[in-house]
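Trainee: Below is the structure I would like to discuss, written out as structure tokens.
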Amino acid sequence: MLTNAFSLVNCMAKKKRFVYVCEGSCGAIVSPRRYKAGLKKCGAESCGMHNRAFRKKQVID
Ligand SMILES: [Zn+2]
């Protein structure tokens with residue numbers, strides 16, 4: 001049962017994957033998991049996009 005649920009999650013993740021990227025100089029890449037946990041803005045003070053929202057980007061395998 002547990003194994004089945006895990007395979008299903010993997011399958012869905014392969015279908016459509018996204019990351020969140022900072023378009024400023026820091027070039028941060030944030031996983032959807034971290035984004036959902038509240039990391040939605042660039043936190044690098046030296047970055048030109050500091051405190052600006054990350055942009056959603058589709059990952060093509
Ligand atoms: Zn940044």
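Chain labels run A, B, ... following the order of the structure tokens; each chain numbers its residues from 1, and ligands are numbered from 1 in the order shown.
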Which residues of chain A have any atom within 12 Å of an atom in ligand 1 when counting only C-alpha atoms and all ligand atoms, and what is the closest pair of atoms for each, with the distance in Å to one decimal? Order the rows by chain and rising number and write it as a tab-separated table.
Mentor:
residue	atom	partner	partner_atom_place_in_ligand_line	distance
A:Tyr20	CA	ligand 1	1 (Zn)	11.0
A:Val21	CA	ligand 1	1 (Zn)	8.2
A:Cys22	CA	ligand 1	1 (Zn)	4.8
A:Glu23	CA	ligand 1	1 (Zn)	6.4
A:Gly24	CA	ligand 1	1 (Zn)	4.6
A:Ser25	CA	ligand 1	1 (Zn)	5.8
A:Cys26	CA	ligand 1	1 (Zn)	4.4
A:Gly27	CA	ligand 1	1 (Zn)	5.8
A:Ala28	CA	ligand 1	1 (Zn)	5.8
A:Ile29	CA	ligand 1	1 (Zn)	9.1
A:Val30	CA	ligand 1	1 (Zn)	10.7
A:Leu39	CA	ligand 1	1 (Zn)	11.9
A:Lys40	CA	ligand 1	1 (Zn)	10.9
A:Lys41	CA	ligand 1	1 (Zn)	8.0
A:Cys42	CA	ligand 1	1 (Zn)	4.6
A:Gly43	CA	ligand 1	1 (Zn)	6.6
A:Ala44	CA	ligand 1	1 (Zn)	5.5
A:Glu45	CA	ligand 1	1 (Zn)	7.9
A:Ser46	CA	ligand 1	1 (Zn)	7.9
A:Cys47	CA	ligand 1	1 (Zn)	4.7
A:Gly48	CA	ligand 1	1 (Zn)	6.4
A:Met49	CA	ligand 1	1 (Zn)	5.0
A:His50	CA	ligand 1	1 (Zn)	5.4
A:Asn51	CA	ligand 1	1 (Zn)	8.0
A:Arg52	CA	ligand 1	1 (Zn)	7.8
A:Ala53	CA	ligand 1	1 (Zn)	9.1
A:Phe54	CA	ligand 1	1 (Zn)	8.2
A:Arg55	CA	ligand 1	1 (Zn)	10.7
Trainee: Write the selection just made, keeping C-alpha atoms, as a PDB file, in the first residue's frame?
Mentor:
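Here's the written file part29.pdb:
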ATOM      1  CA  TYR A  20      11.008  28.387  -9.028  1.00  0.00           C
ATOM      2  CA  VAL A  21      13.842  30.572 -10.139  1.00  0.00           C
ATOM      3  CA  CYS A  22      15.142  33.989  -9.177  1.00  0.00           C
ATOM      4  CA  GLU A  23      15.787  36.136 -12.218  1.00  0.00           C
ATOM      5  CA  GLY A  24      18.302  38.281 -10.380  1.00  0.00           C
ATOM      6  CA  SER A  25      22.046  37.860 -10.050  1.00  0.00           C
ATOM      7  CA  CYS A  26      21.888  35.133  -7.369  1.00  0.00           C
ATOM      8  CA  GLY A  27      20.270  32.678  -9.793  1.00  0.00           C
ATOM      9  CA  ALA A  28      18.507  30.778  -7.022  1.00  0.00           C
ATOM     10  CA  ILE A  29      16.535  27.668  -7.933  1.00  0.00           C
ATOM     11  CA  VAL A  30      13.864  26.642  -5.443  1.00  0.00           C
ATOM     12  CA  LEU A  39      10.181  30.314   0.338  1.00  0.00           C
ATOM     13  CA  LYS A  40       8.543  32.486  -2.314  1.00  0.00           C
ATOM     14  CA  LYS A  41      10.842  35.471  -2.541  1.00  0.00           C
ATOM     15  CA  CYS A  42      14.527  35.943  -3.088  1.00  0.00           C
ATOM     16  CA  GLY A  43      16.331  36.254   0.240  1.00  0.00           C
ATOM     17  CA  ALA A  44      19.768  37.256  -1.022  1.00  0.00           C
ATOM     18  CA  GLU A  45      20.347  40.869  -0.051  1.00  0.00           C
ATOM     19  CA  SER A  46      23.057  41.350  -2.651  1.00  0.00           C
ATOM     20  CA  CYS A  47      20.732  40.156  -5.418  1.00  0.00           C
ATOM     21  CA  GLY A  48      19.049  42.628  -7.760  1.00  0.00           C
ATOM     22  CA  MET A  49      15.756  40.795  -7.295  1.00  0.00           C
ATOM     23  CA  HIS A  50      15.900  40.694  -3.491  1.00  0.00           C
ATOM     24  CA  ASN A  51      12.405  40.393  -1.959  1.00  0.00           C
ATOM     25  CA  ARG A  52      10.890  39.824  -5.394  1.00  0.00           C
ATOM     26  CA  ALA A  53       8.812  36.740  -6.115  1.00  0.00           C
ATOM     27  CA  PHE A  54      10.412  33.758  -7.835  1.00  0.00           C
ATOM     28  CA  ARG A  55       9.271  32.855 -11.311  1.00  0.00           C
TER      29      ARG A  55
END
Trainee: I'd like to know which residues of region 23-61 of chain A are strand (DSSP E or B) (by DSSP, run on the backbone); could you write them as a VMD selection string?
Mentor: chain A and resid 29 to 30 41 53 55 to 59
Trainee: Write the selection just made, keeping N, CA and C atoms, as a PDB file, in the first residue's frame?
Mentor:
ATOM      1  N   ILE A  29      17.532  28.614  -7.435  1.00  0.00           N
ATOM      2  CA  ILE A  29      16.535  27.668  -7.933  1.00  0.00           C
ATOM      3  C   ILE A  29      15.904  27.000  -6.725  1.00  0.00           C
ATOM      4  N   VAL A  30      14.584  27.133  -6.617  1.00  0.00           N
ATOM      5  CA  VAL A  30      13.864  26.642  -5.443  1.00  0.00           C
ATOM      6  C   VAL A  30      12.935  25.516  -5.855  1.00  0.00           C
ATOM      7  N   LYS A  41      10.152  34.260  -2.104  1.00  0.00           N
ATOM      8  CA  LYS A  41      10.842  35.471  -2.541  1.00  0.00           C
ATOM      9  C   LYS A  41      12.338  35.290  -2.379  1.00  0.00           C
ATOM     10  N   ALA A  53       9.311  38.118  -6.011  1.00  0.00           N
ATOM     11  CA  ALA A  53       8.812  36.740  -6.115  1.00  0.00           C
ATOM     12  C   ALA A  53       9.606  35.946  -7.152  1.00  0.00           C
ATOM     13  N   ARG A  55      10.063  33.149 -10.119  1.00  0.00           N
ATOM     14  CA  ARG A  55       9.271  32.855 -11.311  1.00  0.00           C
ATOM     15  C   ARG A  55       9.172  31.339 -11.485  1.00  0.00           C
ATOM     16  N   LYS A  56       7.971  30.883 -11.813  1.00  0.00           N
ATOM     17  CA  LYS A  56       7.740  29.454 -12.023  1.00  0.00           C
ATOM     18  C   LYS A  56       8.276  29.050 -13.382  1.00  0.00           C
ATOM     19  N   LYS A  57       8.989  27.927 -13.386  1.00  0.00           N
ATOM     20  CA  LYS A  57       9.613  27.499 -14.628  1.00  0.00           C
ATOM     21  C   LYS A  57       9.444  25.998 -14.772  1.00  0.00           C
ATOM     22  N   GLN A  58       9.000  25.560 -15.916  1.00  0.00           N
ATOM     23  CA  GLN A  58       8.827  24.132 -16.143  1.00  0.00           C
ATOM     24  C   GLN A  58      10.172  23.479 -16.479  1.00  0.00           C
ATOM     25  N   VAL A  59      10.368  22.311 -15.878  1.00  0.00           N
ATOM     26  CA  VAL A  59      11.585  21.569 -16.137  1.00  0.00           C
ATOM     27  C   VAL A  59      11.281  20.517 -17.184  1.00  0.00           C
TER      28      VAL A  59
END
